[in-house]
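For reference, the structure discussed in these notes is given below.
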Amino acid sequence: MRFQSITFEKNGRLAIISLNRPNAMNAMDDTMLQELAECFELLKNDGSIQVLMLKGSGKVFSAGGDIKTMLRTGEDSIDMLQAMDTISRMIRAYYTLPMITIAAVHGAAAGLGFSLALASDIIIAEENSKLAMNFIGIGLIPDGGGHFFMKERVGVPKAKQLIWEGKTLDGPSAKSLGLIDQVAEKGTAVEQAVQLAQNLLHSPLAAMIETKRILNGHKQKELDEILALEAKGQQLMRQTSDHLEGIQAFIEKRDPHFEGK
């Protein structure tokens, strides 16, 4: 499989997907979202792969959604309905993959990038990584199933607090909260993920994948419902004064002045 903004490698029963827009901090633009959705959907029918590793090229895992696309106006403005539909396709396909998924996180995993990492079965993040569900900083709500994955990992009350705070966490802090599973030393997340993948390949993976199918399948309807609610809610938030202020503050590199509108 050949793509513009991601790379795909297969080595026996192990596959590796790399987010590959290093000059843009692997921010997810329309092309990357479409390619990830397509790739995950194709992989659902590939019974030869049992472990999939997801990583970022360059200095980070992913800075999240591409802010530049939010700044487009007129004919070039983002089609929010289409974007949210693609995000939902991507996450739904990834969550239901019949294989064990591992996210190897280095640098930043923020916003939609963090949602994608959280959709993985196992998350390894380096000790100095910057993990943030930081949609609140530009007056938006999490998408990509961020609400679902956060509450699955830490429970509803804590998920709300973390989403509202939008705080950036390092590896150890995220692990202490239960948001990730393993902490790697600086520069070793991919190496640790590969070692874990090799260990899994010597495990009874058919049984492990069946357990995933049962547990994730039981939750799929709820994920679908949350993805639909996020799509509707994000459209509403995109029209708020707070979102416009958040984007403007981001451009001007200043603190935003929100008014709850």
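Every chain in the structure tokens has a letter given in the order shown (A, B, ...), and although residue numbers restart at 1 in each chain, ligands are simply numbered from 1 in the order shown.
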(request) Any chance you could list, as a VMD selection string, the residues in region 1-167 of chain A that come up strand (DSSP E or B) when DSSP is run on the backbone? (result) chain A and resid 6 to 11 14 to 19 28 51 to 56 62 65 100 to 105 108 to 110 122 to 126 130 to 132
Restricted to N, CA and C atoms, what would the selected residues look like written as a short mmCIF file (atom, residue, chain, number, x, y, z; two decimals), in the first residue's frame?
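New file part13.cif:
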data_model
loop_
_atom_site.label_atom_id
_atom_site.label_comp_id
_atom_site.auth_asym_id
_atom_site.auth_seq_id
_atom_site.Cartn_x
_atom_site.Cartn_y
_atom_site.Cartn_z
N ILE A 6 1.23 8.87 4.99
CA ILE A 6 1.55 7.81 5.94
C ILE A 6 2.40 6.77 5.20
N THR A 7 3.14 5.97 5.96
CA THR A 7 3.87 4.86 5.36
C THR A 7 3.39 3.56 5.97
N PHE A 8 3.44 2.50 5.20
CA PHE A 8 2.99 1.19 5.65
C PHE A 8 4.08 0.16 5.38
N GLU A 9 4.45 -0.57 6.43
CA GLU A 9 5.45 -1.64 6.29
C GLU A 9 4.86 -2.92 6.87
N LYS A 10 5.17 -4.02 6.24
CA LYS A 10 4.71 -5.32 6.73
C LYS A 10 5.88 -6.27 6.84
N ASN A 11 6.00 -6.92 7.98
CA ASN A 11 7.06 -7.90 8.21
C ASN A 11 6.41 -9.12 8.84
N LEU A 14 3.55 -8.81 11.58
CA LEU A 14 3.65 -7.47 12.16
C LEU A 14 3.59 -6.41 11.07
N ALA A 15 2.78 -5.39 11.29
CA ALA A 15 2.73 -4.25 10.37
C ALA A 15 3.00 -2.97 11.15
N ILE A 16 3.60 -2.00 10.48
CA ILE A 16 3.92 -0.71 11.11
C ILE A 16 3.39 0.41 10.23
N ILE A 17 2.59 1.28 10.82
CA ILE A 17 2.12 2.48 10.12
C ILE A 17 2.77 3.69 10.76
N SER A 18 3.36 4.55 9.94
CA SER A 18 3.98 5.78 10.43
C SER A 18 3.23 6.99 9.90
N LEU A 19 2.83 7.88 10.80
CA LEU A 19 2.29 9.17 10.38
C LEU A 19 3.46 9.94 9.80
N MET A 28 -2.81 16.16 11.32
CA MET A 28 -3.70 15.38 10.45
C MET A 28 -4.53 16.31 9.57
N VAL A 51 -0.43 -8.13 14.64
CA VAL A 51 0.02 -7.01 15.49
C VAL A 51 0.28 -5.81 14.59
N LEU A 52 -0.24 -4.67 15.00
CA LEU A 52 -0.04 -3.43 14.26
C LEU A 52 0.54 -2.37 15.18
N MET A 53 1.64 -1.75 14.77
CA MET A 53 2.25 -0.67 15.53
C MET A 53 2.02 0.64 14.81
N LEU A 54 1.66 1.66 15.58
CA LEU A 54 1.41 2.99 15.04
C LEU A 54 2.41 3.95 15.66
N LYS A 55 3.09 4.74 14.82
CA LYS A 55 4.10 5.66 15.32
C LYS A 55 4.12 6.92 14.46
N GLY A 56 4.89 7.91 14.89
CA GLY A 56 5.05 9.14 14.12
C GLY A 56 6.45 9.28 13.58
N SER A 62 2.03 13.01 16.91
CA SER A 62 1.13 13.85 16.11
C SER A 62 0.67 15.04 16.94
N GLY A 65 -5.15 17.61 14.94
CA GLY A 65 -5.73 18.12 13.71
C GLY A 65 -4.92 19.30 13.19
N ILE A 100 -3.86 -6.87 17.45
CA ILE A 100 -3.47 -6.10 18.62
C ILE A 100 -2.76 -4.83 18.13
N THR A 101 -3.23 -3.68 18.59
CA THR A 101 -2.66 -2.41 18.15
C THR A 101 -1.82 -1.79 19.26
N ILE A 102 -0.65 -1.28 18.87
CA ILE A 102 0.28 -0.65 19.82
C ILE A 102 0.60 0.74 19.31
N ALA A 103 0.44 1.75 20.15
CA ALA A 103 0.86 3.11 19.82
C ALA A 103 2.20 3.38 20.48
N ALA A 104 3.20 3.76 19.69
CA ALA A 104 4.52 4.13 20.21
C ALA A 104 4.63 5.64 20.12
N VAL A 105 4.52 6.32 21.26
CA VAL A 105 4.43 7.78 21.28
C VAL A 105 5.74 8.42 21.73
N ALA A 108 5.08 14.97 21.01
CA ALA A 108 3.70 15.34 21.31
C ALA A 108 2.69 14.36 20.73
N ALA A 109 1.65 14.10 21.52
CA ALA A 109 0.44 13.43 21.03
C ALA A 109 -0.69 14.29 21.58
N ALA A 110 -1.19 15.17 20.74
CA ALA A 110 -2.15 16.17 21.22
C ALA A 110 -3.45 16.11 20.43
N ILE A 122 -2.67 -1.00 23.35
CA ILE A 122 -1.54 -0.77 24.26
C ILE A 122 -0.84 0.52 23.86
N ILE A 123 -0.57 1.38 24.83
CA ILE A 123 0.07 2.66 24.55
C ILE A 123 1.39 2.74 25.30
N ILE A 124 2.46 2.98 24.56
CA ILE A 124 3.79 3.22 25.14
C ILE A 124 4.16 4.66 24.84
N ALA A 125 4.51 5.42 25.85
CA ALA A 125 4.90 6.82 25.64
C ALA A 125 6.22 7.10 26.34
N GLU A 126 7.06 7.88 25.71
CA GLU A 126 8.35 8.20 26.31
C GLU A 126 8.16 9.12 27.52
N LYS A 130 4.70 14.65 25.46
CA LYS A 130 3.70 15.66 25.85
C LYS A 130 2.34 15.19 25.35
N LEU A 131 1.54 14.71 26.30
CA LEU A 131 0.25 14.13 25.97
C LEU A 131 -0.84 15.08 26.42
N ALA A 132 -1.72 15.46 25.50
CA ALA A 132 -2.72 16.47 25.86
C ALA A 132 -4.01 16.31 25.07
#
(request) Tell me, in Å to one decimal, how far CA of Gln235 (chain A) is from CA of Tyr94 (chain A). (result) 23.2 Å
(request) Could you tell me which of A:Ile251, A:Ala189, A:Ile141, A:Ala197 comes closest to Ala231 (chain A) if we count only C-alpha atoms? (result)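 With only C-alpha atoms as the atom set, the closest residue is A:Ile141.
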